[in-house]
file coords_18.tsv (TSV, C-alpha atoms)
chain	number	residue	atom	x	y	z
F	168	ALA	CA	96.39	-56.54	8.37
F	169	MET	CA	94.60	-54.18	6.04
F	170	THR	CA	92.06	-51.88	7.61
F	171	PRO	CA	88.71	-51.56	5.84
F	172	ARG	CA	89.51	-47.92	5.11
F	173	GLN	CA	92.69	-48.74	3.15
F	174	HIS	CA	90.86	-51.50	1.41
F	175	ARG	CA	88.17	-49.10	0.26
F	176	THR	CA	90.71	-46.73	-1.28
F	177	ASP	CA	92.30	-49.60	-3.19
F	178	VAL	CA	88.92	-50.47	-4.64
F	179	GLY	CA	88.40	-46.84	-5.59
F	180	ARG	CA	91.68	-46.73	-7.48
F	181	ARG	CA	90.77	-49.62	-9.74
F	182	GLN	CA	87.70	-47.89	-11.10
F	183	THR	CA	87.76	-47.20	-14.80
F	184	PRO	CA	88.41	-43.54	-15.53
F	185	PRO	CA	85.89	-41.89	-17.86
F	186	GLU	CA	86.84	-41.94	-21.56
F	187	HIS	CA	85.34	-38.49	-21.98
F	188	THR	CA	84.74	-36.17	-19.07
F	189	PRO	CA	80.96	-35.94	-18.73
F	190	ARG	CA	79.33	-32.52	-18.73
F	191	LEU	CA	78.50	-32.63	-15.05
F	192	ARG	CA	78.27	-30.11	-12.21
F	193	LEU	CA	77.75	-31.27	-8.63
F	194	LYS	CA	76.91	-29.31	-5.51
F	195	PRO	CA	79.71	-29.40	-2.94
F	196	LYS	CA	79.63	-32.35	-0.56
F	197	ALA	CA	77.64	-30.64	2.15
F	198	PRO	CA	74.29	-31.08	3.85
F	199	GLN	CA	72.03	-31.44	0.85
F	200	THR	CA	69.74	-28.65	-0.23
F	201	GLY	CA	67.03	-28.72	-2.79
F	202	TYR	CA	65.70	-31.37	-5.05
F	203	VAL	CA	68.83	-32.13	-7.06
F	204	ASP	CA	72.50	-32.64	-6.20
F	205	GLY	CA	73.70	-31.22	-9.48
F	206	ALA	CA	73.15	-31.37	-13.22
F	207	TRP	CA	74.25	-33.50	-16.14
F	208	TRP	CA	74.15	-32.55	-19.81
F	209	PRO	CA	74.43	-35.75	-21.85
F	210	HIS	CA	75.40	-35.66	-25.54
F	211	SER	CA	72.55	-37.96	-26.61
F	212	ASP	CA	69.46	-39.79	-25.34
F	213	ASP	CA	71.27	-43.15	-25.38
F	214	LEU	CA	71.86	-44.22	-21.78
F	215	THR	CA	74.20	-47.08	-22.69
F	216	THR	CA	76.56	-44.62	-24.39
F	217	GLU	CA	76.18	-41.80	-21.89
F	218	LEU	CA	76.18	-43.59	-18.51
F	219	PRO	CA	79.65	-45.21	-18.32
F	220	ASP	CA	81.51	-41.87	-18.19
F	221	LEU	CA	78.95	-40.36	-15.81
F	222	LEU	CA	79.09	-43.34	-13.45
F	223	ALA	CA	82.90	-43.40	-13.52
F	224	VAL	CA	82.89	-39.87	-12.13
F	225	LEU	CA	80.00	-40.37	-9.68
F	226	SER	CA	81.57	-43.52	-8.24
F	227	VAL	CA	84.31	-41.32	-6.80
F	228	ARG	CA	81.64	-39.84	-4.52
F	229	LEU	CA	79.23	-42.78	-4.23
F	230	GLY	CA	81.54	-45.79	-4.34
F	231	PRO	CA	80.39	-48.80	-6.39
F	232	ILE	CA	77.13	-48.00	-8.19
F	233	ASP	CA	74.16	-50.31	-7.85
F	234	ARG	CA	71.39	-48.79	-9.93
F	235	VAL	CA	70.24	-45.85	-12.01
F	236	LEU	CA	66.62	-44.70	-12.03
F	237	PHE	CA	65.40	-42.74	-15.02
F	238	LYS	CA	62.20	-41.68	-16.74
F	239	LEU	CA	61.43	-44.13	-19.54
F	240	THR	CA	60.19	-41.53	-22.00
F	241	ASP	CA	63.27	-39.26	-21.60
F	242	TRP	CA	65.63	-41.81	-23.16
F	243	ALA	CA	65.95	-44.19	-26.08
F	244	LYS	CA	65.25	-47.82	-25.17
F	245	ALA	CA	67.83	-49.03	-22.65
F	246	PRO	CA	68.73	-52.50	-21.36
F	247	THR	CA	67.91	-53.42	-17.76
F	248	LYS	CA	71.60	-53.93	-16.91
F	249	LEU	CA	74.77	-52.21	-17.96
F	250	ALA	CA	78.24	-53.65	-17.36
F	251	THR	CA	80.47	-50.74	-16.41
F	252	GLY	CA	83.29	-50.07	-13.97
F	253	GLY	CA	83.76	-53.82	-13.54
F	254	ARG	CA	80.21	-54.52	-12.36
F	255	ALA	CA	76.62	-54.82	-13.53
F	256	VAL	CA	74.57	-51.72	-12.84
F	257	HIS	CA	70.77	-52.05	-12.85
F	258	LEU	CA	68.96	-49.57	-15.09
F	259	ASP	CA	65.43	-48.94	-13.85
F	260	GLY	CA	63.21	-47.00	-16.21
F	261	TYR	CA	59.98	-45.77	-14.67
F	262	ARG	CA	57.05	-43.90	-16.11
F	263	LEU	CA	56.62	-42.07	-12.80
F	264	GLN	CA	60.23	-40.97	-12.35
F	265	PRO	CA	60.21	-37.14	-12.45
F	266	PRO	CA	61.11	-36.00	-15.98
F	267	ASN	CA	64.60	-34.61	-16.62
F	268	THR	CA	66.14	-36.42	-13.66
F	269	VAL	CA	68.30	-39.46	-13.07
F	270	GLU	CA	68.84	-40.95	-9.66
F	271	VAL	CA	72.10	-42.83	-9.11
F	272	LEU	CA	72.26	-45.21	-6.14
F	273	GLY	CA	75.46	-46.51	-4.59
F	274	LEU	CA	75.73	-50.02	-3.15
F	275	ASN	CA	76.06	-48.35	0.27
F	276	GLY	CA	72.64	-46.71	-0.06
F	277	ASN	CA	73.89	-43.21	-0.84
F	278	ARG	CA	72.28	-41.50	-3.80
F	279	ILE	CA	72.81	-38.59	-6.13
F	280	ILE	CA	69.87	-37.04	-7.97
F	281	LEU	CA	70.80	-35.11	-11.09
F	282	LEU	CA	68.89	-32.69	-13.23
F	283	VAL	CA	69.26	-33.86	-16.83
F	284	VAL	CA	69.65	-30.99	-19.26
F	285	PRO	CA	68.17	-32.20	-22.57
F	286	PRO	CA	70.93	-33.13	-25.08
F	287	HIS	CA	69.97	-30.58	-27.75
F	288	THR	CA	69.79	-27.60	-25.37
F	289	ASP	CA	71.49	-24.40	-26.51
F	290	PRO	CA	75.00	-24.39	-24.89
F	291	ASP	CA	74.61	-21.03	-23.09
F	292	ARG	CA	71.30	-22.12	-21.68
F	293	ALA	CA	72.64	-25.52	-20.67
F	294	HIS	CA	75.58	-23.89	-18.90
F	295	ALA	CA	73.36	-21.44	-17.00
F	296	THR	CA	71.04	-24.25	-15.93
F	297	MET	CA	73.94	-26.45	-14.76
F	298	MET	CA	75.58	-23.65	-12.78
F	299	ALA	CA	72.26	-22.89	-11.07
F	300	ALA	CA	71.62	-26.55	-10.27
F	301	ALA	CA	75.07	-26.93	-8.70
F	302	ALA	CA	74.95	-23.74	-6.62
F	303	PRO	CA	75.40	-24.85	-2.97
F	304	ASP	CA	72.26	-23.15	-1.66
F	305	ASN	CA	70.03	-23.80	-4.66
F	306	ASP	CA	66.75	-25.43	-3.69
F	307	SER	CA	64.81	-25.01	-6.93
F	308	THR	CA	62.68	-27.76	-8.39
F	309	VAL	CA	63.66	-29.41	-11.65
F	310	ASP	CA	61.06	-27.38	-13.55
F	311	GLY	CA	62.28	-24.23	-11.85
F	312	LEU	CA	65.87	-24.93	-12.89
F	313	LEU	CA	64.96	-25.72	-16.48
F	314	MET	CA	62.97	-22.47	-16.61
F	315	ILE	CA	65.72	-20.27	-15.13
F	316	SER	CA	67.62	-19.84	-18.34
F	317	LEU	CA	64.43	-19.32	-20.34
F	318	ARG	CA	63.38	-16.55	-17.96
F	319	ASP	CA	66.83	-14.94	-18.13
F	320	ARG	CA	66.72	-14.84	-21.88
F	321	GLU	CA	63.16	-13.48	-21.99
F	322	SER	CA	63.91	-10.71	-19.52
F	323	ARG	CA	67.04	-9.72	-21.49
F	324	THR	CA	64.97	-9.57	-24.69
F	325	GLN	CA	62.26	-7.55	-22.94
F	326	ARG	CA	64.83	-5.11	-21.54
F	327	ALA	CA	66.33	-4.64	-24.99
F	328	ALA	CA	62.87	-4.09	-26.52
F	329	ALA	CA	61.93	-1.58	-23.82
F	330	GLN	CA	65.19	0.33	-24.36
F	331	GLU	CA	64.57	0.36	-28.12
F	332	ARG	CA	61.02	1.63	-27.64
F	333	TRP	CA	62.29	4.32	-25.26
F	334	ASP	CA	64.92	5.43	-27.81
F	335	SER	CA	62.51	5.40	-30.76
F	336	GLU	CA	60.03	7.53	-28.85
F	337	GLY	CA	62.71	10.17	-28.32
F	338	GLY	CA	64.01	8.90	-24.97
F	339	ALA	CA	64.06	11.45	-22.16
F	340	VAL	CA	63.67	14.48	-24.44
F	341	ARG	CA	60.05	15.17	-25.18
call {"tool": "encode", "arguments": {"input": "coords_18.tsv", "output": "structure tokens"}}
result
Amino acid sequence: AMTPRQHRTDVGRRQTPPEHTPRLRLKPKAPQTGYVDGAWWPHSDDLTTELPDLLAVLSVRLGPIDRVLFKLTDWAKAPTKLATGGRAVHLDGYRLQPPNTVEVLGLNGNRIILLVVPPHTDPDRAHATMMAAAAPDNDSTVDGLLMISLRDRESRTQRAAAQERWDSEGGAVR
């Protein structure tokens, strides 16, 4: 007789692999910290195009996926159901869902909340934001994470400007 555990692995193996690896970073599977479990940088604002590859990867951790919650105004119009990975996934768009997040729920009740890096974000900035969001001990809010890279860039610019001013005023020699 097949034990439930073996059966579960068989199911896992039949899942459709992603056509394109999604730009995704997840925190390690550990006691969860912070508001998000990782970050996703989609190529567009079209959920029907973007979700299949994302869900193919997330189903490795979550098992079969039941629904995806998203903020209505973050995305182009999406259907209420998406057939992917051999099943129908419910797409629930809410006005009150926190902006720049998607919440992915497995059939077993487990969930993954992702920071969504806006599609047209500058690549360096997107990368910095994703790495921060996936750091094991990161407990920043979504706004905090999206601001991190902005702050980094501003402080670099300010440092450069200060150095320039220092040099133009004759530096240490007065």
call {"tool": "atom_distance", "arguments": {"input": "coords_18.tsv", "atom1": "atom CA of F:Asp241", "atom2": "atom CA of F:Val271"}}
result
15.7 Å
call {"tool": "residues_near_point", "arguments": {"input": "coords_18.tsv", "point": "(67.7, -39.8, -11.0)", "cutoff": "7 Å", "atoms": "only C-alpha atoms", "output": "VMD selection string"}}
result
chain F and resid 235 to 237 268 to 271 280 to 281
call {"tool": "write_last_selection", "arguments": {"input": "coords_18.tsv", "atoms": "C-alpha atoms", "output": "compact mmCIF listing (two decimals), in the frame of the given file"}}
result
# COMPACT_ATOMS: atom_id res chain seq x y z
CA VAL F 235 70.24 -45.85 -12.01
CA LEU F 236 66.62 -44.70 -12.03
CA PHE F 237 65.40 -42.74 -15.02
CA THR F 268 66.14 -36.42 -13.66
CA VAL F 269 68.30 -39.46 -13.07
CA GLU F 270 68.84 -40.95 -9.66
CA VAL F 271 72.10 -42.83 -9.11
CA ILE F 280 69.87 -37.04 -7.97
CA LEU F 281 70.80 -35.11 -11.09
call {"tool": "closest_residue", "arguments": {"input": "coords_18.tsv", "among": "F:Ser307, F:Thr188, F:Ser335, F:Thr240", "to": "F:Glu217", "atoms": "only C-alpha atoms"}}
result
F:Thr188
call {"tool": "residues_around", "arguments": {"input": "coords_18.tsv", "residues": "F:Thr296", "least_positions_apart": "4", "cutoff": "12 Å", "atoms": "all atoms listed in the file", "output": "ChimeraX atom specification"}}
result
/F:191-192,205-208,281-285,288-292,300-302,305,307-320
call {"tool": "atom_distance", "arguments": {"input": "coords_18.tsv", "atom1": "atom CA of F:Ser226", "atom2": "atom CA of F:Arg254"}}
result
11.8 Å
call {"tool": "closest_residue", "arguments": {"input": "coords_18.tsv", "among": "F:Lys248, F:Lys238, F:His287, F:Arg262", "to": "F:Pro219", "atoms": "all atoms listed in the file"}}
result
F:Lys248
call {"tool": "residues_around", "arguments": {"input": "coords_18.tsv", "residues": "F:Ala245", "least_positions_apart": "5", "cutoff": "10 Å", "atoms": "all atoms listed in the file", "output": "number ranges by chain"}}
result
F: 212-216, 239, 258-260
call {"tool": "atom_distance", "arguments": {"input": "coords_18.tsv", "atom1": "atom CA of F:Pro231", "atom2": "atom CA of F:Ile279"}}
result
12.7 Å
call {"tool": "closest_residue", "arguments": {"input": "coords_18.tsv", "among": "F:Ala223, F:Arg228, F:Gly276, F:His210", "to": "F:Leu193", "atoms": "only C-alpha atoms"}}
result
F:Arg228
call {"tool": "residues_around", "arguments": {"input": "coords_18.tsv", "residues": "F:Gly273", "least_positions_apart": "3", "cutoff": "8 Å", "atoms": "only C-alpha atoms", "output": "PyMOL selection string"}}
result
chain F and resi 226+229-234+276-278
call {"tool": "closest_residue", "arguments": {"input": "coords_18.tsv", "among": "F:Val203, F:Lys196, F:His187, F:His257", "to": "F:Met297", "atoms": "all atoms listed in the file"}}
result
F:Val203
